[in-house]
>>> print(open('input.tsv').read())   # TSV, C-alpha atoms and all ligand atoms
chain	number	residue	atom	x	y	z
A	1	MET	CA	-11.87	49.35	-25.13
A	2	LYS	CA	-8.48	50.34	-26.41
A	3	ASP	CA	-5.70	50.60	-23.79
A	4	LYS	CA	-8.01	49.43	-21.02
A	5	LEU	CA	-6.85	45.85	-20.56
A	6	GLN	CA	-6.65	44.74	-16.93
A	7	LEU	CA	-4.33	41.78	-16.39
A	8	MET	CA	-5.66	39.26	-13.88
A	9	ILE	CA	-3.29	36.49	-14.92
A	10	PRO	CA	-0.38	35.13	-12.89
A	11	GLY	CA	2.15	36.97	-15.07
A	12	PRO	CA	2.74	39.28	-16.68
A	13	THR	CA	1.09	41.21	-13.88
A	14	PRO	CA	0.02	44.89	-13.82
A	15	VAL	CA	2.80	47.49	-13.64
A	16	PRO	CA	2.57	50.71	-11.57
A	17	GLU	CA	2.92	53.96	-13.47
A	18	SER	CA	6.22	54.99	-11.86
A	19	ALA	CA	7.79	51.74	-13.09
A	20	LEU	CA	6.38	52.26	-16.60
A	21	VAL	CA	7.77	55.79	-16.68
A	22	ALA	CA	11.16	54.50	-15.49
A	23	LEU	CA	11.18	52.00	-18.37
A	24	GLY	CA	10.75	54.85	-20.85
A	25	ARG	CA	13.92	56.64	-19.74
A	26	HIS	CA	16.92	56.74	-22.01
A	27	PRO	CA	19.23	53.82	-21.25
A	28	ILE	CA	22.54	54.62	-19.54
A	29	GLY	CA	25.90	52.86	-19.85
A	30	HIS	CA	25.93	49.67	-17.83
A	31	ARG	CA	29.55	50.23	-16.77
A	32	SER	CA	28.87	53.74	-15.48
A	33	ALA	CA	28.98	54.86	-11.85
A	34	ASP	CA	25.32	55.85	-12.15
A	35	PHE	CA	24.36	52.34	-13.10
A	36	GLN	CA	26.51	50.87	-10.32
A	37	LYS	CA	24.45	52.92	-7.87
A	38	ILE	CA	21.27	51.38	-9.25
A	39	VAL	CA	22.73	47.89	-8.93
A	40	ALA	CA	23.73	48.61	-5.33
A	41	ARG	CA	20.28	49.94	-4.48
A	42	THR	CA	18.32	47.16	-6.21
A	43	THR	CA	20.54	44.54	-4.59
A	44	GLU	CA	19.57	45.86	-1.16
A	45	GLN	CA	15.92	45.93	-2.20
A	46	LEU	CA	16.10	42.36	-3.45
A	47	GLN	CA	17.71	41.20	-0.22
A	48	TRP	CA	14.88	42.86	1.66
A	49	LEU	CA	12.26	41.03	-0.41
A	50	HIS	CA	14.06	37.69	-0.02
A	51	GLN	CA	14.72	38.29	3.70
A	52	THR	CA	18.37	37.44	3.18
A	53	ARG	CA	21.82	38.89	3.65
A	54	GLY	CA	23.15	36.56	0.96
A	55	SER	CA	23.39	37.07	-2.77
A	56	VAL	CA	20.44	37.69	-5.04
A	57	LEU	CA	21.63	37.73	-8.64
A	58	VAL	CA	19.82	39.25	-11.59
A	59	LEU	CA	19.77	37.64	-15.04
A	60	ALA	CA	18.37	38.89	-18.32
A	61	GLY	CA	15.96	36.02	-18.81
A	62	SER	CA	12.62	34.73	-17.58
A	63	GLY	CA	11.91	32.74	-14.43
A	64	THR	CA	12.83	29.52	-16.20
A	65	ALA	CA	16.34	30.86	-16.84
A	66	ALA	CA	16.64	31.66	-13.13
A	67	MET	CA	15.58	28.14	-12.14
A	68	GLU	CA	17.76	26.50	-14.78
A	69	ALA	CA	20.71	28.56	-13.55
A	70	GLY	CA	20.02	27.52	-9.96
A	71	ILE	CA	19.88	23.85	-10.90
A	72	ILE	CA	22.97	23.71	-13.12
A	73	ASN	CA	25.20	25.74	-10.81
A	74	VAL	CA	24.92	23.50	-7.75
A	75	LEU	CA	24.70	20.03	-9.31
A	76	SER	CA	27.01	17.71	-11.21
A	77	ARG	CA	26.62	15.06	-13.90
A	78	GLY	CA	24.58	12.10	-12.73
A	79	ASP	CA	23.62	13.60	-9.36
A	80	ARG	CA	20.38	12.33	-7.93
A	81	VAL	CA	17.65	14.94	-7.37
A	82	LEU	CA	14.24	14.63	-5.79
A	83	CYS	CA	11.69	16.65	-7.73
A	84	GLY	CA	8.19	17.57	-6.58
A	85	ASP	CA	5.65	17.45	-9.40
A	86	ASN	CA	2.03	18.46	-8.88
A	87	GLY	CA	1.48	20.68	-11.89
A	88	LYS	CA	2.91	22.28	-14.98
A	89	PHE	CA	5.90	23.91	-13.29
A	90	GLY	CA	6.89	20.91	-11.19
A	91	GLU	CA	6.81	18.99	-14.45
A	92	ARG	CA	9.10	21.58	-16.05
A	93	TRP	CA	11.84	21.21	-13.41
A	94	VAL	CA	11.78	17.44	-13.94
A	95	LYS	CA	12.39	18.11	-17.65
A	96	VAL	CA	15.21	20.59	-17.00
A	97	ALA	CA	16.91	18.19	-14.60
A	98	LYS	CA	16.63	15.37	-17.15
A	99	ALA	CA	17.93	17.60	-19.94
A	100	TYR	CA	21.17	17.90	-17.97
A	101	GLY	CA	21.41	14.18	-17.37
A	102	LEU	CA	20.55	14.28	-13.68
A	103	ASP	CA	19.14	11.17	-12.03
A	104	VAL	CA	15.60	12.33	-11.27
A	105	GLN	CA	13.40	10.76	-8.64
A	106	THR	CA	9.92	12.31	-8.81
A	107	ILE	CA	7.41	12.76	-6.02
A	108	ARG	CA	4.02	13.39	-7.53
A	109	ALA	CA	0.65	14.58	-6.37
A	110	GLU	CA	-2.43	14.99	-8.50
A	111	TRP	CA	-3.03	18.36	-10.08
A	112	GLY	CA	-5.08	20.42	-7.64
A	113	GLN	CA	-3.56	18.65	-4.63
A	114	PRO	CA	-0.49	19.64	-2.61
A	115	LEU	CA	2.72	17.60	-2.44
A	116	ASP	CA	2.78	15.35	0.62
A	117	PRO	CA	5.69	16.37	2.87
A	118	GLU	CA	5.70	12.82	4.31
A	119	ALA	CA	6.65	11.43	0.91
A	120	PHE	CA	9.71	13.68	0.98
A	121	ARG	CA	10.56	12.63	4.52
A	122	GLU	CA	10.38	8.95	3.58
A	123	ALA	CA	12.47	9.34	0.44
A	124	LEU	CA	15.09	11.39	2.26
A	125	GLU	CA	15.23	9.06	5.27
A	126	ALA	CA	15.60	6.04	2.97
A	127	ASP	CA	18.62	7.67	1.33
A	128	ARG	CA	21.28	6.45	3.77
A	129	GLU	CA	24.11	6.80	1.24
A	130	LYS	CA	23.22	10.48	0.86
A	131	ALA	CA	22.92	10.10	-2.90
A	132	ILE	CA	20.25	12.81	-3.13
A	133	LYS	CA	22.06	16.06	-3.81
A	134	ALA	CA	19.08	18.36	-4.13
A	135	VAL	CA	15.33	18.61	-3.68
A	136	ILE	CA	13.58	20.76	-6.26
A	137	ILE	CA	10.20	22.10	-5.35
A	138	THR	CA	7.67	24.56	-6.72
A	139	HIS	CA	6.32	26.63	-3.84
A	140	SER	CA	3.22	28.12	-5.47
A	141	GLU	CA	2.13	25.86	-8.35
A	142	THR	CA	0.65	28.44	-10.68
A	143	SER	CA	-1.04	25.94	-13.01
A	144	THR	CA	-3.40	24.73	-10.29
A	145	GLY	CA	-3.42	27.48	-7.65
A	146	VAL	CA	-1.94	25.17	-5.02
A	147	ILE	CA	0.71	26.24	-2.53
A	148	ASN	CA	3.02	23.49	-1.34
A	149	ASP	CA	4.17	23.21	2.27
A	150	LEU	CA	7.69	24.44	1.68
A	151	GLU	CA	8.44	24.97	5.35
A	152	THR	CA	7.77	21.34	6.29
A	153	ILE	CA	9.44	19.86	3.22
A	154	ASN	CA	12.46	22.05	3.87
A	155	ARG	CA	12.67	20.73	7.44
A	156	HIS	CA	12.91	17.19	6.06
A	157	VAL	CA	15.61	18.31	3.65
A	158	LYS	CA	17.55	19.84	6.52
A	159	ALA	CA	17.26	16.59	8.50
A	160	HIS	CA	18.83	14.75	5.55
A	161	GLY	CA	21.86	16.96	5.98
A	162	GLU	CA	23.38	16.63	2.51
A	163	ALA	CA	20.73	17.65	-0.03
A	164	LEU	CA	20.24	21.28	-1.01
A	165	ILE	CA	16.79	22.72	-1.50
A	166	ILE	CA	16.10	24.50	-4.79
A	167	VAL	CA	12.87	26.46	-4.73
A	168	ASP	CA	10.73	27.83	-7.53
A	169	ALA	CA	9.32	30.86	-5.71
A	170	VAL	CA	8.16	32.52	-8.90
A	171	THR	CA	4.57	33.10	-7.72
A	172	SER	CA	5.18	33.00	-3.98
A	173	LEU	CA	7.89	35.62	-3.63
A	174	GLY	CA	6.20	38.96	-3.08
A	175	ALA	CA	2.90	37.23	-2.26
A	176	THR	CA	3.76	35.34	0.90
A	177	SER	CA	6.75	35.11	3.19
A	178	VAL	CA	9.75	33.25	1.75
A	179	PRO	CA	12.31	33.81	4.53
A	180	VAL	CA	15.44	32.65	2.74
A	181	ASP	CA	17.86	33.00	5.68
A	182	ASP	CA	15.52	31.88	8.47
A	183	TRP	CA	14.59	28.70	6.62
A	184	GLY	CA	18.05	28.21	5.12
A	185	LEU	CA	16.76	27.98	1.56
A	186	ASP	CA	19.77	27.26	-0.62
A	187	VAL	CA	18.59	28.34	-4.07
A	188	VAL	CA	15.49	30.44	-4.78
A	189	GLY	CA	14.44	31.36	-8.32
A	190	SER	CA	11.90	33.96	-9.43
A	191	GLY	CA	10.98	36.25	-12.33
A	192	SER	CA	10.22	39.94	-12.78
A	193	GLN	CA	6.77	39.65	-14.37
A	194	LYS	CA	5.21	38.09	-11.27
A	195	GLY	CA	5.32	39.51	-7.74
A	196	TYR	CA	7.85	42.19	-8.70
A	197	MET	CA	5.26	44.30	-10.56
A	198	ILE	CA	7.44	44.95	-13.61
A	199	PRO	CA	7.39	43.51	-17.15
A	200	PRO	CA	8.98	40.16	-18.09
A	201	GLY	CA	12.71	39.99	-18.74
A	202	LEU	CA	14.55	39.57	-15.44
A	203	GLY	CA	15.21	36.34	-13.59
A	204	PHE	CA	16.42	36.35	-9.98
A	205	VAL	CA	18.43	33.68	-8.19
A	206	ALA	CA	19.13	33.83	-4.47
A	207	MET	CA	22.06	31.62	-3.45
A	208	GLY	CA	23.04	30.68	0.09
A	209	GLU	CA	26.50	29.72	1.33
A	210	ARG	CA	25.90	25.98	0.96
A	211	ALA	CA	24.80	26.55	-2.61
A	212	TRP	CA	28.01	28.47	-3.36
A	213	ALA	CA	30.06	25.67	-1.83
A	214	ALA	CA	28.29	23.15	-4.08
A	215	SER	CA	28.80	25.42	-7.09
A	216	LYS	CA	32.58	25.00	-6.75
A	217	ARG	CA	32.17	21.25	-7.42
A	218	SER	CA	29.49	21.56	-10.09
A	219	ASP	CA	30.56	20.24	-13.49
A	220	LEU	CA	27.41	20.75	-15.57
A	221	PRO	CA	27.99	22.82	-18.74
A	222	LYS	CA	27.21	26.52	-18.46
A	223	PHE	CA	28.42	29.83	-19.71
A	224	TYR	CA	25.80	32.62	-19.79
A	225	LEU	CA	24.14	31.08	-16.75
A	226	ASP	CA	27.38	30.55	-14.81
A	227	LEU	CA	26.42	32.27	-11.55
A	228	ALA	CA	30.00	32.57	-10.31
A	229	LYS	CA	30.48	35.19	-13.04
A	230	TYR	CA	27.47	37.13	-11.72
A	231	ARG	CA	28.66	36.86	-8.15
A	232	LYS	CA	32.09	38.20	-9.03
A	233	ALA	CA	30.65	41.12	-11.00
A	234	ALA	CA	28.17	41.83	-8.19
A	235	GLU	CA	31.07	42.52	-5.82
A	236	ASP	CA	31.67	45.56	-7.98
A	237	ASN	CA	27.93	46.34	-8.35
A	238	SER	CA	28.17	45.23	-11.93
A	239	ASN	CA	27.12	42.51	-14.35
A	240	PRO	CA	29.18	40.07	-16.40
A	241	PHE	CA	27.13	40.75	-19.56
A	242	THR	CA	24.97	43.65	-20.74
A	243	PRO	CA	22.10	43.76	-18.25
A	244	ALA	CA	18.53	44.80	-19.10
A	245	VAL	CA	19.27	48.38	-18.05
A	246	ASN	CA	15.74	49.77	-18.32
A	247	LEU	CA	14.26	46.85	-16.43
A	248	TYR	CA	16.63	47.76	-13.60
A	249	PHE	CA	15.15	51.29	-13.62
A	250	ALA	CA	11.68	49.79	-13.36
A	251	LEU	CA	12.80	47.35	-10.67
A	252	GLU	CA	14.17	50.17	-8.52
A	253	ALA	CA	10.86	52.03	-8.84
A	254	SER	CA	8.58	49.05	-8.15
A	255	MET	CA	10.63	47.87	-5.21
A	256	ALA	CA	10.44	51.36	-3.71
A	257	ILE	CA	6.65	51.08	-3.83
A	258	MET	CA	6.81	47.64	-2.25
A	259	GLN	CA	9.11	48.85	0.51
A	260	GLU	CA	6.76	51.69	1.24
A	261	GLU	CA	3.86	49.27	1.60
A	262	GLY	CA	5.94	46.91	3.77
A	263	LEU	CA	6.42	43.14	3.59
A	264	GLN	CA	3.74	42.22	6.12
A	265	ALA	CA	1.18	44.50	4.47
A	266	ILE	CA	1.96	43.01	1.06
A	267	PHE	CA	1.48	39.47	2.37
A	268	ALA	CA	-1.74	40.49	4.16
A	269	ARG	CA	-3.10	42.04	0.95
A	270	HIS	CA	-2.42	38.87	-1.05
A	271	ASP	CA	-4.04	36.75	1.63
A	272	ARG	CA	-7.08	39.05	1.68
A	273	HIS	CA	-7.40	38.81	-2.11
A	274	ARG	CA	-7.10	35.04	-1.99
A	275	ARG	CA	-9.88	34.82	0.59
A	276	ALA	CA	-12.10	37.40	-1.14
A	277	THR	CA	-11.79	35.67	-4.51
A	278	ARG	CA	-12.55	32.26	-3.06
A	279	ALA	CA	-15.52	33.53	-1.03
A	280	ALA	CA	-16.90	35.19	-4.17
A	281	MET	CA	-16.62	32.07	-6.32
A	282	GLU	CA	-18.30	29.98	-3.62
A	283	ALA	CA	-21.11	32.53	-3.30
A	284	ILE	CA	-21.63	32.45	-7.06
A	285	GLY	CA	-21.69	28.66	-6.99
A	286	LEU	CA	-18.49	28.06	-8.97
A	287	PRO	CA	-16.35	25.21	-7.60
A	288	LEU	CA	-12.77	25.99	-6.58
A	289	TYR	CA	-10.05	23.76	-7.98
A	290	ALA	CA	-7.64	23.87	-4.99
A	291	PRO	CA	-8.64	23.16	-1.37
A	292	ALA	CA	-8.67	26.16	1.00
A	293	THR	CA	-5.90	24.70	3.17
A	294	CYS	CA	-3.36	24.85	0.34
A	295	SER	CA	-4.63	27.67	-1.86
A	296	SER	CA	-2.09	29.99	-3.44
A	297	PRO	CA	-2.03	33.66	-2.42
A	298	ALA	CA	-1.24	34.54	-6.04
A	299	ILE	CA	-3.84	32.71	-8.07
A	300	THR	CA	-7.25	31.11	-7.75
A	301	ALA	CA	-8.25	28.33	-10.12
A	302	VAL	CA	-11.98	27.92	-10.71
A	303	ALA	CA	-13.58	24.84	-12.27
A	304	PRO	CA	-17.03	25.91	-13.53
A	305	ASP	CA	-18.49	22.44	-14.07
A	306	GLY	CA	-20.98	22.26	-16.90
A	307	LEU	CA	-19.64	25.50	-18.35
A	308	ASP	CA	-16.81	26.00	-20.81
A	309	ALA	CA	-14.15	27.89	-18.84
A	310	GLU	CA	-12.83	29.34	-22.10
A	311	ALA	CA	-16.25	30.83	-22.85
A	312	VAL	CA	-16.25	32.60	-19.48
A	313	ARG	CA	-12.79	33.94	-20.14
A	314	LYS	CA	-13.79	35.14	-23.57
A	315	VAL	CA	-16.76	37.16	-22.34
A	316	VAL	CA	-14.79	38.61	-19.42
A	317	LYS	CA	-12.14	39.73	-21.90
A	318	SER	CA	-14.30	41.02	-24.75
A	319	ARG	CA	-17.03	42.65	-22.64
A	320	TYR	CA	-15.04	43.83	-19.60
A	321	ASP	CA	-11.42	44.09	-20.79
A	322	ILE	CA	-10.16	41.82	-18.04
A	323	LEU	CA	-7.78	39.04	-18.94
A	324	LEU	CA	-8.11	35.86	-16.89
A	325	ALA	CA	-5.80	32.88	-17.40
A	326	GLY	CA	-7.02	29.63	-18.92
A	327	GLY	CA	-6.33	26.09	-17.86
A	328	GLN	CA	-3.10	24.47	-19.00
A	329	ASP	CA	-2.82	21.10	-20.75
A	330	HIS	CA	-5.68	18.76	-19.73
A	331	LEU	CA	-7.29	21.61	-17.73
A	332	LYS	CA	-7.90	23.71	-20.84
A	333	GLY	CA	-11.61	24.57	-20.98
A	334	LYS	CA	-12.09	23.03	-17.53
A	335	VAL	CA	-10.67	25.80	-15.36
A	336	PHE	CA	-10.04	29.48	-15.55
A	337	ARG	CA	-7.57	31.15	-13.22
A	338	ILE	CA	-7.85	34.54	-11.55
A	339	GLY	CA	-4.47	36.13	-10.92
A	340	HIS	CA	-4.22	38.36	-7.85
A	341	LEU	CA	-0.45	38.70	-7.77
A	342	GLY	CA	1.61	41.86	-7.51
A	343	PHE	CA	0.17	45.29	-8.18
A	344	VAL	CA	-3.44	44.32	-7.46
A	345	ALA	CA	-5.82	46.42	-5.38
A	346	ASP	CA	-9.08	45.51	-3.63
A	347	ARG	CA	-10.89	47.31	-6.44
A	348	ASP	CA	-9.38	44.97	-9.07
A	349	VAL	CA	-10.65	41.92	-7.22
A	350	LEU	CA	-14.17	43.36	-6.86
A	351	VAL	CA	-14.33	44.29	-10.54
A	352	ALA	CA	-13.06	40.89	-11.68
A	353	VAL	CA	-15.72	39.17	-9.58
A	354	ALA	CA	-18.42	41.46	-10.98
A	355	ALA	CA	-17.22	40.76	-14.54
A	356	ILE	CA	-17.36	37.01	-13.95
A	357	GLU	CA	-20.92	37.38	-12.65
A	358	GLY	CA	-21.77	39.43	-15.73
A	359	ALA	CA	-20.29	36.77	-17.98
A	360	LEU	CA	-22.34	34.05	-16.27
A	361	VAL	CA	-25.53	36.04	-16.91
A	362	GLU	CA	-24.53	36.43	-20.54
A	363	LEU	CA	-23.81	32.70	-20.86
A	364	GLY	CA	-27.24	31.82	-19.46
A	365	ARG	CA	-25.93	30.55	-16.11
A	366	PRO	CA	-26.64	33.51	-13.81
A	367	PRO	CA	-25.71	33.18	-10.13
A	368	VAL	CA	-28.72	32.08	-8.08
A	369	GLN	CA	-28.49	35.36	-6.23
A	370	PRO	CA	-27.39	38.24	-8.45
A	371	GLY	CA	-24.47	40.14	-6.95
A	372	ALA	CA	-23.74	37.42	-4.39
A	373	GLY	CA	-20.09	37.20	-5.50
A	374	VAL	CA	-19.45	40.91	-5.21
A	375	ALA	CA	-21.14	41.00	-1.80
A	376	ALA	CA	-19.05	38.07	-0.54
A	377	ALA	CA	-15.81	39.58	-1.84
A	378	ALA	CA	-16.65	42.99	-0.39
A	379	ALA	CA	-17.36	41.43	3.01
A	380	VAL	CA	-13.91	39.82	3.08
A	381	LEU	CA	-12.16	42.94	1.79
A	382	GLN	CA	-13.78	45.04	4.48
A	383	GLY	CA	-12.46	42.58	7.05
A	401	LIG	C1	5.71	31.95	-14.43
A	401	LIG	C2	6.31	30.83	-13.66
A	401	LIG	C3	7.61	30.37	-13.91
A	401	LIG	C4	8.53	30.99	-14.89
A	401	LIG	O1	8.08	31.02	-16.15
A	401	LIG	P1	8.79	31.96	-17.22
A	401	LIG	O2	7.78	31.98	-18.32
A	401	LIG	O3	10.04	31.31	-17.59
A	401	LIG	O4	9.01	33.28	-16.56
A	401	LIG	C5	8.11	29.37	-13.11
A	401	LIG	N1	7.39	28.83	-12.14
A	401	LIG	C6	6.16	29.24	-11.84
A	401	LIG	C7	5.44	28.60	-10.70
A	401	LIG	C8	5.57	30.26	-12.60
A	401	LIG	O5	4.34	30.69	-12.29
>>> encode(input="input.tsv", output="structure tokens")
Amino acid sequence: MKDKLQLMIPGPTPVPESALVALGRHPIGHRSADFQKIVARTTEQLQWLHQTRGSVLVLAGSGTAAMEAGIINVLSRGDRVLCGDNGKFGERWVKVAKAYGLDVQTIRAEWGQPLDPEAFREALEADREKAIKAVIITHSETSTGVINDLETINRHVKAHGEALIIVDAVTSLGATSVPVDDWGLDVVGSGSQKGYMIPPGLGFVAMGERAWAASKRSDLPKFYLDLAKYRKAAEDNSNPFTPAVNLYFALEASMAIMQEEGLQAIFARHDRHRRATRAAMEAIGLPLYAPATCSSPAITAVAPDGLDAEAVRKVVKSRYDILLAGGQDHLKGKVFRIGHLGFVADRDVLVAVAAIEGALVELGRPPVQPGAGVAAAAAVLQG
């Protein structure tokens, strides 16, 4: 049905009406006092979301730009970095680090499994010369629906004493607690089309004091992504280059909704949706790709063995106007992924589960007990 598409992918995520309306306003001058007020307000909102008193800078760019900026502003030519890789995004940060000539040591886990914090501890303890300058880790690995144990890995990084931690929090921020100051996270990157409930186009980088100190020594090439420029402009509630003015309007509106709901309530909602989705898939008899102990609050990957995951997705889209995400790389056709990140209500989860059940009936693989998925999800949602 025209104009009825429901996004249940891990980004872009659904956008509340007040943010959409804000986007449609006439742009204003980005050097005006009115715009400075918006920068001041959104900066406070972003600090609230990141649980930090430090800087959170806004770039016109996607989440990858934010992460690339974080990496190239605190490191120097030939620096050694320890990169966690257990999916598509971990793989990407390895590639970015290599593109800048960094000396990359990779810690891998199989797709669908979490990174082993012990492997980080061992590598960091073995580094007596303190050659490792940063640990780069993806918190919620969107490609597989696995959440990595950032808290424990970060503790090992802190014990090392020299290395910074650079975190891809693109699908964890706004879904689960990422307490930047409490944990002493040095660099945290994210993007607007995920937990922020607005369209793609903004990248966010939180930088702690240790990260700023490292940035003074950093000699990697940069210009547009030189965060010192953004920090300086931010002192004046401004931007070094023309910002995405209308996305700022939308950001102010969506963050107001988030603040009204409250951080703990937002995290509880994402956890409830994670549990409801998983319970539903189990009740339907569809295997889950990630173990319960490390399942992402933002996305659930389902591996419907014996069924083409793309066929399920196709029916859910064409018959029910719900867009699920497919599997990436070797997982294409093997998994589909249900996004429950951002502006997602209990109703959306119930309807997505019902649509998946409907698709299974249509594909000749009906659940043993019709409606079992909806019933299981509803039971979790009702607490
Ligand atoms: C979406 C996403 C990104 C950023 O991707 P962009 O397309 O550059 O916004 C980075 N990491 C994770 C885990 C993601 O889900």
>>> closest_residue(input="input.tsv", among="A:Ile338, A:Ala131, A:Ile356, A:Ala268", to="Ile299 in chain A", atoms="all atoms listed in the file")
A:Ile338
>>> residues_around(input="input.tsv", residues="Ala298 in chain A", least_positions_apart="5", cutoff="9 Å", atoms="only C-alpha atoms", output="list in words")
Pro10, Ser140, Thr142, Gly145, Thr171, Ser172, Ala175, Thr176, Gly195, His270, Asp271, His273, Arg274, Ile338, Gly339, His340, Leu341 and Gly342 of chain A
>>> residues_around(input="input.tsv", residues="Ala309 in chain A", least_positions_apart="2", cutoff="7 Å", atoms="all atoms listed in the file", output="list in words")
Pro304, Leu307, Ala311, Val312, Arg313, Gly333, Lys334, Val335 and Phe336 of chain A
>>> closest_residue(input="input.tsv", among="A:Lys222, A:Lys133, A:Arg269, A:Arg337", to="ligand LIG 401 (chain A)", atoms="only C-alpha atoms and all ligand atoms")
A:Arg337
>>> closest_residue(input="input.tsv", among="A:Ala292, A:Gly189, A:Asp236, A:Ala372", to="Thr43 in chain A", atoms="all atoms listed in the file")
A:Asp236
>>> residues_near_ligand(input="input.tsv", ligand="ligand LIG 401 (chain A)", cutoff="6 Å", atoms="only C-alpha atoms and all ligand atoms", output="list in words")
Ser62, Gly63, Thr64, Phe89, Ser140, Glu141, Thr142, Asp168, Val170, Thr171 and Gly191 of chain A
>>> closest_residue(input="input.tsv", among="A:Asp34, A:Glu91, A:Glu129, A:Asp149", to="Pro114 in chain A", atoms="all atoms listed in the file")
A:Asp149
>>> closest_residue(input="input.tsv", among="A:Leu7, A:Met1, A:Val205, A:Val178", to="Asp348 in chain A", atoms="all atoms listed in the file")
A:Leu7
>>> closest_residue(input="input.tsv", among="A:Arg92, A:Arg319, A:Lys4, A:Lys194", to="Leu251 in chain A", atoms="all atoms listed in the file")
A:Lys194
>>> residues_around(input="input.tsv", residues="Asp182 in chain A", least_positions_apart="5", cutoff="12 Å", atoms="all atoms listed in the file", output="PyMOL selection string")
chain A and resi 50-54+151+154-155+177+208
>>> atom_distance(input="input.tsv", atom1="CA of Arg231 in chain A", atom2="CA of Leu185 in chain A")
17.7 Å
>>> decode(input="input.tsv", residues="range 45-58 of chain A", atoms="N, CA, C and O atoms", output="PDB file, in the first residue's frame")
ATOM      1  N   GLN A  45      21.322  18.019  24.798  1.00  0.00           N
ATOM      2  CA  GLN A  45      20.561  16.778  24.613  1.00  0.00           C
ATOM      3  C   GLN A  45      21.495  15.613  24.291  1.00  0.00           C
ATOM      4  O   GLN A  45      21.324  14.500  24.803  1.00  0.00           O
ATOM      5  N   LEU A  46      22.481  15.883  23.457  1.00  0.00           N
ATOM      6  CA  LEU A  46      23.420  14.818  23.082  1.00  0.00           C
ATOM      7  C   LEU A  46      24.263  14.388  24.279  1.00  0.00           C
ATOM      8  O   LEU A  46      24.553  13.198  24.451  1.00  0.00           O
ATOM      9  N   GLN A  47      24.628  15.336  25.114  1.00  0.00           N
ATOM     10  CA  GLN A  47      25.389  14.982  26.322  1.00  0.00           C
ATOM     11  C   GLN A  47      24.544  14.118  27.251  1.00  0.00           C
ATOM     12  O   GLN A  47      25.041  13.175  27.865  1.00  0.00           O
ATOM     13  N   TRP A  48      23.269  14.430  27.303  1.00  0.00           N
ATOM     14  CA  TRP A  48      22.350  13.622  28.118  1.00  0.00           C
ATOM     15  C   TRP A  48      22.316  12.179  27.600  1.00  0.00           C
ATOM     16  O   TRP A  48      22.457  11.220  28.360  1.00  0.00           O
ATOM     17  N   LEU A  49      22.162  12.035  26.292  1.00  0.00           N
ATOM     18  CA  LEU A  49      22.077  10.690  25.709  1.00  0.00           C
ATOM     19  C   LEU A  49      23.379   9.905  25.910  1.00  0.00           C
ATOM     20  O   LEU A  49      23.365   8.699  26.144  1.00  0.00           O
ATOM     21  N   HIS A  50      24.512  10.599  25.810  1.00  0.00           N
ATOM     22  CA  HIS A  50      25.813   9.945  25.961  1.00  0.00           C
ATOM     23  C   HIS A  50      26.255   9.829  27.423  1.00  0.00           C
ATOM     24  O   HIS A  50      27.324   9.275  27.701  1.00  0.00           O
ATOM     25  N   GLN A  51      25.461  10.412  28.334  1.00  0.00           N
ATOM     26  CA  GLN A  51      25.824  10.412  29.753  1.00  0.00           C
ATOM     27  C   GLN A  51      27.232  10.970  29.951  1.00  0.00           C
ATOM     28  O   GLN A  51      28.075  10.354  30.608  1.00  0.00           O
ATOM     29  N   THR A  52      27.458  12.138  29.345  1.00  0.00           N
ATOM     30  CA  THR A  52      28.779  12.754  29.440  1.00  0.00           C
ATOM     31  C   THR A  52      28.672  14.261  29.624  1.00  0.00           C
ATOM     32  O   THR A  52      27.680  14.870  29.220  1.00  0.00           O
ATOM     33  N   ARG A  53      29.714  14.820  30.226  1.00  0.00           N
ATOM     34  CA  ARG A  53      29.838  16.275  30.287  1.00  0.00           C
ATOM     35  C   ARG A  53      30.839  16.757  29.256  1.00  0.00           C
ATOM     36  O   ARG A  53      31.101  17.949  29.134  1.00  0.00           O
ATOM     37  N   GLY A  54      31.437  15.814  28.543  1.00  0.00           N
ATOM     38  CA  GLY A  54      32.436  16.144  27.525  1.00  0.00           C
ATOM     39  C   GLY A  54      31.810  16.503  26.188  1.00  0.00           C
ATOM     40  O   GLY A  54      30.599  16.660  26.073  1.00  0.00           O
ATOM     41  N   SER A  55      32.654  16.620  25.169  1.00  0.00           N
ATOM     42  CA  SER A  55      32.133  17.063  23.874  1.00  0.00           C
ATOM     43  C   SER A  55      31.471  15.944  23.099  1.00  0.00           C
ATOM     44  O   SER A  55      31.923  14.792  23.101  1.00  0.00           O
ATOM     45  N   VAL A  56      30.368  16.300  22.454  1.00  0.00           N
ATOM     46  CA  VAL A  56      29.753  15.427  21.453  1.00  0.00           C
ATOM     47  C   VAL A  56      29.619  16.286  20.199  1.00  0.00           C
ATOM     48  O   VAL A  56      28.877  17.261  20.191  1.00  0.00           O
ATOM     49  N   LEU A  57      30.387  15.944  19.176  1.00  0.00           N
ATOM     50  CA  LEU A  57      30.421  16.764  17.969  1.00  0.00           C
ATOM     51  C   LEU A  57      29.524  16.172  16.896  1.00  0.00           C
ATOM     52  O   LEU A  57      29.311  14.961  16.840  1.00  0.00           O
ATOM     53  N   VAL A  58      29.006  17.060  16.059  1.00  0.00           N
ATOM     54  CA  VAL A  58      28.051  16.644  15.027  1.00  0.00           C
ATOM     55  C   VAL A  58      28.670  16.902  13.656  1.00  0.00           C
ATOM     56  O   VAL A  58      29.129  18.006  13.373  1.00  0.00           O
TER      57      VAL A  58
END
